[in-house]
Structure formats: C-alpha cells, structure tokens
file protein.tsv (TSV, C-alpha atoms and all ligand atoms)
chain	number	residue	atom	x	y	z
A	74	MET	CA	-7.83	-13.80	-12.06
A	75	ARG	CA	-5.39	-12.00	-9.76
A	76	ARG	CA	-6.93	-10.17	-6.82
A	77	VAL	CA	-5.03	-7.33	-5.18
A	78	LEU	CA	-6.03	-5.59	-1.96
A	79	CYS	CA	-4.92	-1.94	-1.77
A	80	LEU	CA	-5.00	-0.47	1.73
A	81	SER	CA	-4.32	3.13	2.70
A	82	GLY	CA	-3.94	4.24	6.29
A	83	PRO	CA	-4.41	7.38	8.35
A	84	ASN	CA	-4.95	10.79	6.76
A	85	LEU	CA	-4.73	9.47	3.22
A	86	GLN	CA	-8.43	10.28	2.73
A	87	LEU	CA	-7.19	13.90	2.72
A	88	LEU	CA	-5.10	13.49	-0.44
A	89	GLY	CA	-5.75	16.30	-2.87
A	90	THR	CA	-5.75	19.00	-0.19
A	91	ARG	CA	-3.28	17.61	2.39
A	92	GLU	CA	0.18	19.18	2.05
A	93	PRO	CA	-0.04	19.24	-1.76
A	94	GLU	CA	3.61	20.29	-1.99
A	95	VAL	CA	4.48	16.90	-0.48
A	96	TYR	CA	1.67	14.62	-1.65
A	97	GLY	CA	0.38	16.30	-4.81
A	98	ARG	CA	-3.19	17.20	-5.76
A	99	THR	CA	-4.52	13.81	-6.84
A	100	THR	CA	-7.29	12.53	-4.58
A	101	LEU	CA	-7.42	9.01	-3.20
A	102	ALA	CA	-10.62	8.42	-5.20
A	103	GLU	CA	-8.72	9.32	-8.38
A	104	ILE	CA	-5.88	6.96	-7.41
A	105	HIS	CA	-8.39	4.18	-6.80
A	106	ASP	CA	-10.08	4.80	-10.18
A	107	GLU	CA	-6.73	4.54	-11.93
A	108	LEU	CA	-5.84	1.34	-10.08
A	109	ARG	CA	-9.15	-0.25	-11.08
A	110	ALA	CA	-8.53	0.69	-14.74
A	111	VAL	CA	-4.98	-0.69	-14.67
A	112	ALA	CA	-6.14	-3.88	-12.96
A	113	GLU	CA	-8.88	-4.38	-15.55
A	114	SER	CA	-6.39	-3.90	-18.40
A	115	ARG	CA	-4.29	-6.65	-16.83
A	116	GLY	CA	-7.21	-9.02	-16.26
A	117	ALA	CA	-6.97	-8.50	-12.50
A	118	THR	CA	-9.11	-6.92	-9.82
A	119	VAL	CA	-8.16	-4.47	-7.09
A	120	ASP	CA	-10.14	-3.84	-3.90
A	121	CYS	CA	-9.24	-0.35	-2.62
A	122	ARG	CA	-9.90	0.72	0.98
A	123	GLN	CA	-8.80	3.42	3.42
A	124	SER	CA	-9.02	3.61	7.19
A	125	ASN	CA	-7.71	5.90	9.89
A	126	HIS	CA	-7.93	3.03	12.39
A	127	GLU	CA	-5.08	0.63	12.99
A	128	GLY	CA	-7.42	-2.16	14.12
A	129	THR	CA	-9.48	-1.90	10.95
A	130	LEU	CA	-6.34	-2.20	8.82
A	131	LEU	CA	-5.27	-5.20	10.92
A	132	ASP	CA	-8.65	-6.88	10.38
A	133	TRP	CA	-8.55	-6.24	6.61
A	134	ILE	CA	-5.05	-7.73	6.37
A	135	ALA	CA	-6.02	-10.82	8.37
A	136	ASP	CA	-9.20	-11.29	6.31
A	137	ALA	CA	-7.23	-11.11	3.04
A	138	ARG	CA	-6.09	-14.72	3.36
A	139	GLY	CA	-7.86	-16.63	0.59
A	140	GLN	CA	-9.38	-13.38	-0.73
A	141	ALA	CA	-6.33	-11.66	-2.27
A	142	ASP	CA	-3.09	-12.68	-3.98
A	143	ALA	CA	-1.15	-9.63	-2.81
A	144	ILE	CA	-1.50	-6.50	-0.71
A	145	LEU	CA	-0.45	-2.94	-1.52
A	146	LEU	CA	-0.12	-1.05	1.76
A	147	ASN	CA	0.38	2.64	2.31
A	148	ALA	CA	0.25	2.56	6.10
A	149	GLY	CA	0.80	6.32	6.41
A	150	ALA	CA	2.30	7.22	9.78
A	151	PHE	CA	1.61	3.68	11.09
A	152	THR	CA	4.51	2.67	8.82
A	153	HIS	CA	6.88	4.13	11.38
A	154	THR	CA	5.20	2.90	14.56
A	155	SER	CA	3.13	-0.22	14.13
A	156	ILE	CA	4.61	-3.53	15.17
A	157	ALA	CA	1.03	-4.84	15.03
A	158	LEU	CA	0.83	-4.12	11.29
A	159	ARG	CA	4.18	-5.79	10.78
A	160	ASP	CA	2.94	-8.87	12.64
A	161	ALA	CA	-0.31	-8.89	10.63
A	162	ILE	CA	1.57	-8.84	7.30
A	163	LYS	CA	3.90	-11.58	8.47
A	164	GLY	CA	0.99	-13.57	9.84
A	165	VAL	CA	-1.22	-13.48	6.76
A	166	GLY	CA	1.61	-14.77	4.58
A	167	LEU	CA	0.65	-12.78	1.47
A	168	PRO	CA	3.16	-10.76	-0.55
A	169	CYS	CA	2.89	-7.15	0.57
A	170	ILE	CA	4.28	-4.06	-1.16
A	171	GLU	CA	4.98	-0.98	0.96
A	172	VAL	CA	3.74	2.12	-0.88
A	173	HIS	CA	4.35	5.82	-0.23
A	174	LEU	CA	3.62	8.90	-2.29
A	175	SER	CA	6.60	10.74	-0.81
A	176	ASN	CA	10.04	9.30	-0.16
A	177	PRO	CA	10.01	9.01	3.65
A	178	GLU	CA	13.75	8.39	3.79
A	179	ALA	CA	14.39	11.84	2.31
A	180	ARG	CA	12.20	13.54	4.94
A	181	GLU	CA	12.27	13.92	8.73
A	182	ALA	CA	14.39	11.47	10.71
A	183	PHE	CA	11.33	9.86	12.34
A	184	ARG	CA	10.10	8.75	8.91
A	185	ARG	CA	13.34	6.93	8.08
A	186	ARG	CA	12.44	3.82	10.00
A	187	SER	CA	9.78	1.55	8.54
A	188	ARG	CA	8.39	-1.09	10.90
A	189	ILE	CA	6.84	-2.95	7.98
A	190	ALA	CA	9.67	-2.96	5.41
A	191	PRO	CA	11.28	-6.16	6.77
A	192	VAL	CA	8.10	-8.16	6.08
A	193	CYS	CA	7.34	-6.64	2.65
A	194	VAL	CA	8.67	-8.00	-0.64
A	195	ALA	CA	9.31	-4.51	-2.02
A	196	LYS	CA	8.75	-0.81	-1.55
A	197	VAL	CA	7.60	1.87	-4.01
A	198	ALA	CA	8.05	5.43	-2.76
A	199	GLY	CA	8.53	8.94	-4.04
A	200	PHE	CA	6.54	8.88	-7.29
A	201	GLY	CA	3.55	10.74	-5.88
A	202	ALA	CA	0.17	9.26	-6.78
A	203	ALA	CA	1.93	7.16	-9.44
A	204	SER	CA	3.56	5.09	-6.67
A	205	TYR	CA	0.29	3.16	-6.37
A	206	ARG	CA	0.14	2.39	-10.11
A	207	VAL	CA	3.81	1.40	-10.23
A	208	ALA	CA	3.26	-0.88	-7.23
A	209	LEU	CA	0.21	-2.51	-8.81
A	210	THR	CA	1.85	-3.24	-12.16
A	211	ALA	CA	5.02	-4.45	-10.44
A	212	VAL	CA	3.21	-6.79	-8.08
A	213	LEU	CA	1.21	-8.29	-10.98
A	214	ASP	CA	4.51	-8.92	-12.82
A	215	TRP	CA	6.00	-10.30	-9.60
A	216	LEU	CA	3.09	-12.75	-9.16
A	217	ASP	CA	3.45	-13.91	-12.79
A	218	ALA	CA	7.21	-14.46	-12.36
A	219	ARG	CA	6.68	-16.31	-9.08
A	220	ASP	CA	4.12	-18.65	-10.59
A	221	GLU	CA	6.19	-19.29	-13.72
A	222	SER	CA	9.14	-20.36	-11.58
A	223	ARG	CA	7.07	-22.86	-9.58
A	301	LIG	C1	3.23	8.53	3.58
A	301	LIG	C2	4.53	8.86	4.32
A	301	LIG	C3	4.33	8.80	5.80
A	301	LIG	O1	5.54	9.15	6.48
A	301	LIG	C4	3.25	9.77	6.25
A	301	LIG	O2	3.01	9.65	7.64
A	301	LIG	C5	2.00	9.62	5.47
A	301	LIG	C6	2.09	9.41	4.03
A	301	LIG	C7	3.37	8.69	2.06
A	301	LIG	O3	2.54	8.14	1.35
A	301	LIG	O4	4.27	9.39	1.59
A	301	LIG	O5	0.90	9.73	6.01
A	301	LIG	O6	2.91	7.17	3.84
call {"tool": "encode", "arguments": {"input": "protein.tsv", "output": "structure tokens"}}
result
Amino acid sequence: MRRVLCLSGPNLQLLGTREPEVYGRTTLAEIHDELRAVAESRGATVDCRQSNHEGTLLDWIADARGQADAILLNAGAFTHTSIALRDAIKGVGLPCIEVHLSNPEAREAFRRRSRIAPVCVAKVAGFGAASYRVALTAVLDWLDARDESR
C-alpha cells in the first residue's frame, strides 16, 4: 500500500478565511478529507499535517524515511526562503511534489523563486484547493510508473 505524507507550512491553517480571493474558501481540513478519500479510492494512505514551524516540517521530512513513499509539500512562504527545507528533501531521498494553491510565479516577484523546486520531481500550482488532489493522483501514478520501469 502506498503511503503519502502531505505537509503544509505556515499560515495554511488559515485557509478558508485567508485572502479568499487568492486561496479560495476551502479549509485545510476539507482538503485533507478529500485527500484521504482519494487515497482510499486508490488503495493508498495519506498522512496530512500542518505546521507554522520550519523545524517541525524539517523533522517530519527527515522522519518520513521508511514511513512514506512520497511527500506532497506546500511549504507556504518557506518555499521562497528555506535552504534547510531544500536540504531536508534532498537528504531524505523521497520523491517530493511542490504544491501551491496559487501560482506563485504569476504573483509578486519575491514569490517567483522557489528554493525547493530543484529537489522536487514536480510542481502543481494554481488550481486552488484542487492542487493538492491533482498532486496526490499524479504522484500515485508517478510511483506506479517508476516501479513498472524497474
Ligand atoms: C502558497 C504560495 C506562497 O507564496 C505563500 O507564501 C503561501 C501559500 C500557495 O499555496 O499558493 O503561503 O504556498
């Protein structure tokens, strides 16, 4: 059974009321419920967590070795600043998908640089709450294709 770890970073606990014109009105709890339903329909599991603390995210990534087959990561603003998160993803050696509700590259200049993109296998951005679902289904397909080609 595939196990996916879905991590959300700072301020994403505010989804639903935070800048709804940018991020929509779906709450993080609703996103997590949908991910669990999609995972179940695919015979997989998804462990969904959120933290405002960089160190907590780093610990969860490091601890994922042997516990998850892939990571979905919406690092929020840490996306644009955190070399430590980049090193953690690289270090754990698991496929990681960068996820964003908005399309950061179409926003302010400071959002155009992702520190984590170079160590992720793919990025899903701009689909609102659906970005998480798209990322989950895509990474499950990606894992199947990887294992078939081995
Ligand atoms: C975000 C985009 C980031 O630039 C921002 O700091 C966030 C949310 C997104 O999901 O669109 O907190 O990661």
call {"tool": "axis_aligned_box", "arguments": {"input": "protein.tsv", "around": "ligand LIG 301 (chain A)", "padding_each_side": "5 Å", "output": "lines of an AutoDock Vina configuration file"}}
result
center_x = 3.2
center_y = 8.5
center_z = 4.5
size_x = 14.6
size_y = 12.6
size_z = 16.3
call {"tool": "closest_residue", "arguments": {"input": "protein.tsv", "among": "A:Arg223, A:Val165, A:Val111, A:Trp133", "to": "Tyr205 in chain A", "atoms": "all atoms listed in the file"}}
result
A:Val111
call {"tool": "residues_near_point", "arguments": {"input": "protein.tsv", "point": "(-0.4, -0.2, -7.4)", "cutoff": "10 Å", "atoms": "all atoms listed in the file", "output": "ChimeraX atom specification"}}
result
/A:77-79,104-105,107-109,111-112,119,144-146,170-172,197,202-213
call {"tool": "atom_distance", "arguments": {"input": "protein.tsv", "atom1": "CA of Ser187 in chain A", "atom2": "CA of Ala135 in chain A"}}
result
20.1 Å
call {"tool": "closest_atom_pairs", "arguments": {"input": "protein.tsv", "of": "chain A", "to": "ligand LIG 301 (chain A)", "cutoff": "12 Å", "atoms": "all atoms listed in the file", "output": "tab-separated table"}}
result
residue	atom	partner	partner_atom	distance
A:Leu80	CA	A:LIG301	O6	11.2
A:Ser81	CA	A:LIG301	O6	8.4
A:Gly82	CA	A:LIG301	O5	7.3
A:Pro83	CA	A:LIG301	O5	6.3
A:Asn84	CA	A:LIG301	O5	6.0
A:Leu85	CA	A:LIG301	O5	6.3
A:Gln86	CA	A:LIG301	O5	9.9
A:Leu87	CA	A:LIG301	O5	9.7
A:Leu88	CA	A:LIG301	C6	9.4
A:Arg91	CA	A:LIG301	O5	9.6
A:Glu92	CA	A:LIG301	C6	10.1
A:Pro93	CA	A:LIG301	O4	11.3
A:Glu94	CA	A:LIG301	O4	11.5
A:Val95	CA	A:LIG301	O4	7.8
A:Tyr96	CA	A:LIG301	O4	6.7
A:Gly97	CA	A:LIG301	O4	10.2
A:Leu101	CA	A:LIG301	O3	11.0
A:Gln123	CA	A:LIG301	O5	11.9
A:Ser124	CA	A:LIG301	O5	11.7
A:Asn125	CA	A:LIG301	O5	10.2
A:Leu145	CA	A:LIG301	O3	11.8
A:Leu146	CA	A:LIG301	O6	9.0
A:Asn147	CA	A:LIG301	O6	5.4
A:Ala148	CA	A:LIG301	O6	5.8
A:Gly149	CA	A:LIG301	O6	3.4
A:Ala150	CA	A:LIG301	O2	3.3
A:Phe151	CA	A:LIG301	O2	7.0
A:Thr152	CA	A:LIG301	C3	6.8
A:His153	CA	A:LIG301	O1	7.1
A:Thr154	CA	A:LIG301	O2	9.9
A:Ser155	CA	A:LIG301	O2	11.8
A:Glu171	CA	A:LIG301	O6	8.9
A:Val172	CA	A:LIG301	O3	6.5
A:His173	CA	A:LIG301	O3	3.3
A:Leu174	CA	A:LIG301	O3	3.9
A:Ser175	CA	A:LIG301	O4	3.6
A:Asn176	CA	A:LIG301	O4	6.0
A:Pro177	CA	A:LIG301	O1	5.3
A:Glu178	CA	A:LIG301	O1	8.7
A:Ala179	CA	A:LIG301	O1	10.1
A:Arg180	CA	A:LIG301	O1	8.1
A:Glu181	CA	A:LIG301	O1	8.6
A:Ala182	CA	A:LIG301	O1	10.1
A:Phe183	CA	A:LIG301	O1	8.3
A:Arg184	CA	A:LIG301	O1	5.2
A:Arg185	CA	A:LIG301	O1	8.3
A:Arg186	CA	A:LIG301	O1	9.4
A:Ser187	CA	A:LIG301	O1	8.9
A:Arg188	CA	A:LIG301	O1	11.5
A:Ile189	CA	A:LIG301	O6	11.6
A:Lys196	CA	A:LIG301	O6	11.3
A:Val197	CA	A:LIG301	O3	9.7
A:Ala198	CA	A:LIG301	O4	7.0
A:Gly199	CA	A:LIG301	O4	7.1
A:Phe200	CA	A:LIG301	O4	9.2
A:Gly201	CA	A:LIG301	O4	7.6
A:Ala202	CA	A:LIG301	O3	8.5
A:Ala203	CA	A:LIG301	O3	10.9
A:Ser204	CA	A:LIG301	O3	8.6
A:Tyr205	CA	A:LIG301	O3	9.5
call {"tool": "build_atoms", "arguments": {"input": "protein.tsv", "residues": "range 193-219 of chain A", "atoms": "N, CA and C atoms", "output": "CSV table (one decimal), in the frame of the given file"}}
result
chain,number,residue,atom,x,y,z
A,193,CYS,N,7.9,-6.9,4.0
A,193,CYS,CA,7.3,-6.6,2.6
A,193,CYS,C,8.3,-7.2,1.6
A,194,VAL,N,7.8,-7.5,0.4
A,194,VAL,CA,8.7,-8.0,-0.6
A,194,VAL,C,9.3,-6.8,-1.4
A,195,ALA,N,8.7,-5.7,-1.3
A,195,ALA,CA,9.3,-4.5,-2.0
A,195,ALA,C,8.7,-3.2,-1.5
A,196,LYS,N,9.3,-2.1,-1.9
A,196,LYS,CA,8.8,-0.8,-1.6
A,196,LYS,C,8.7,0.1,-2.8
A,197,VAL,N,7.7,0.9,-3.0
A,197,VAL,CA,7.6,1.9,-4.0
A,197,VAL,C,7.3,3.2,-3.3
A,198,ALA,N,8.2,4.2,-3.5
A,198,ALA,CA,8.0,5.4,-2.8
A,198,ALA,C,8.6,6.6,-3.6
A,199,GLY,N,8.0,7.7,-3.5
A,199,GLY,CA,8.5,8.9,-4.0
A,199,GLY,C,8.0,9.3,-5.4
A,200,PHE,N,7.1,8.6,-6.0
A,200,PHE,CA,6.5,8.9,-7.3
A,200,PHE,C,5.2,9.6,-7.2
A,201,GLY,N,4.9,10.1,-6.0
A,201,GLY,CA,3.6,10.7,-5.9
A,201,GLY,C,2.5,9.7,-6.1
A,202,ALA,N,1.3,10.2,-6.6
A,202,ALA,CA,0.2,9.3,-6.8
A,202,ALA,C,0.6,8.1,-7.6
A,203,ALA,N,1.5,8.3,-8.5
A,203,ALA,CA,1.9,7.2,-9.4
A,203,ALA,C,2.6,6.0,-8.7
A,204,SER,N,3.0,6.2,-7.4
A,204,SER,CA,3.6,5.1,-6.7
A,204,SER,C,2.6,3.9,-6.6
A,205,TYR,N,1.3,4.2,-6.5
A,205,TYR,CA,0.3,3.2,-6.4
A,205,TYR,C,0.2,2.4,-7.7
A,206,ARG,N,0.2,3.1,-8.8
A,206,ARG,CA,0.1,2.4,-10.1
A,206,ARG,C,1.4,1.5,-10.4
A,207,VAL,N,2.5,2.1,-10.1
A,207,VAL,CA,3.8,1.4,-10.2
A,207,VAL,C,3.8,0.1,-9.4
A,208,ALA,N,3.3,0.3,-8.1
A,208,ALA,CA,3.3,-0.9,-7.2
A,208,ALA,C,2.3,-2.0,-7.8
A,209,LEU,N,1.2,-1.5,-8.3
A,209,LEU,CA,0.2,-2.5,-8.8
A,209,LEU,C,0.8,-3.3,-10.0
A,210,THR,N,1.3,-2.5,-11.0
A,210,THR,CA,1.8,-3.2,-12.2
A,210,THR,C,3.0,-4.1,-11.8
A,211,ALA,N,3.8,-3.7,-10.8
A,211,ALA,CA,5.0,-4.4,-10.4
A,211,ALA,C,4.6,-5.7,-9.7
A,212,VAL,N,3.6,-5.6,-8.8
A,212,VAL,CA,3.2,-6.8,-8.1
A,212,VAL,C,2.5,-7.8,-9.0
A,213,LEU,N,1.8,-7.3,-10.0
A,213,LEU,CA,1.2,-8.3,-11.0
A,213,LEU,C,2.3,-9.0,-11.8
A,214,ASP,N,3.4,-8.3,-12.2
A,214,ASP,CA,4.5,-8.9,-12.8
A,214,ASP,C,5.2,-9.9,-11.9
A,215,TRP,N,5.3,-9.5,-10.6
A,215,TRP,CA,6.0,-10.3,-9.6
A,215,TRP,C,5.2,-11.6,-9.4
A,216,LEU,N,3.9,-11.5,-9.3
A,216,LEU,CA,3.1,-12.8,-9.2
A,216,LEU,C,3.2,-13.7,-10.4
A,217,ASP,N,3.3,-13.1,-11.6
A,217,ASP,CA,3.4,-13.9,-12.8
A,217,ASP,C,4.8,-14.6,-12.7
A,218,ALA,N,5.9,-13.9,-12.4
A,218,ALA,CA,7.2,-14.5,-12.4
A,218,ALA,C,7.3,-15.5,-11.3
A,219,ARG,N,6.7,-15.3,-10.2
A,219,ARG,CA,6.7,-16.3,-9.1
A,219,ARG,C,6.0,-17.6,-9.5
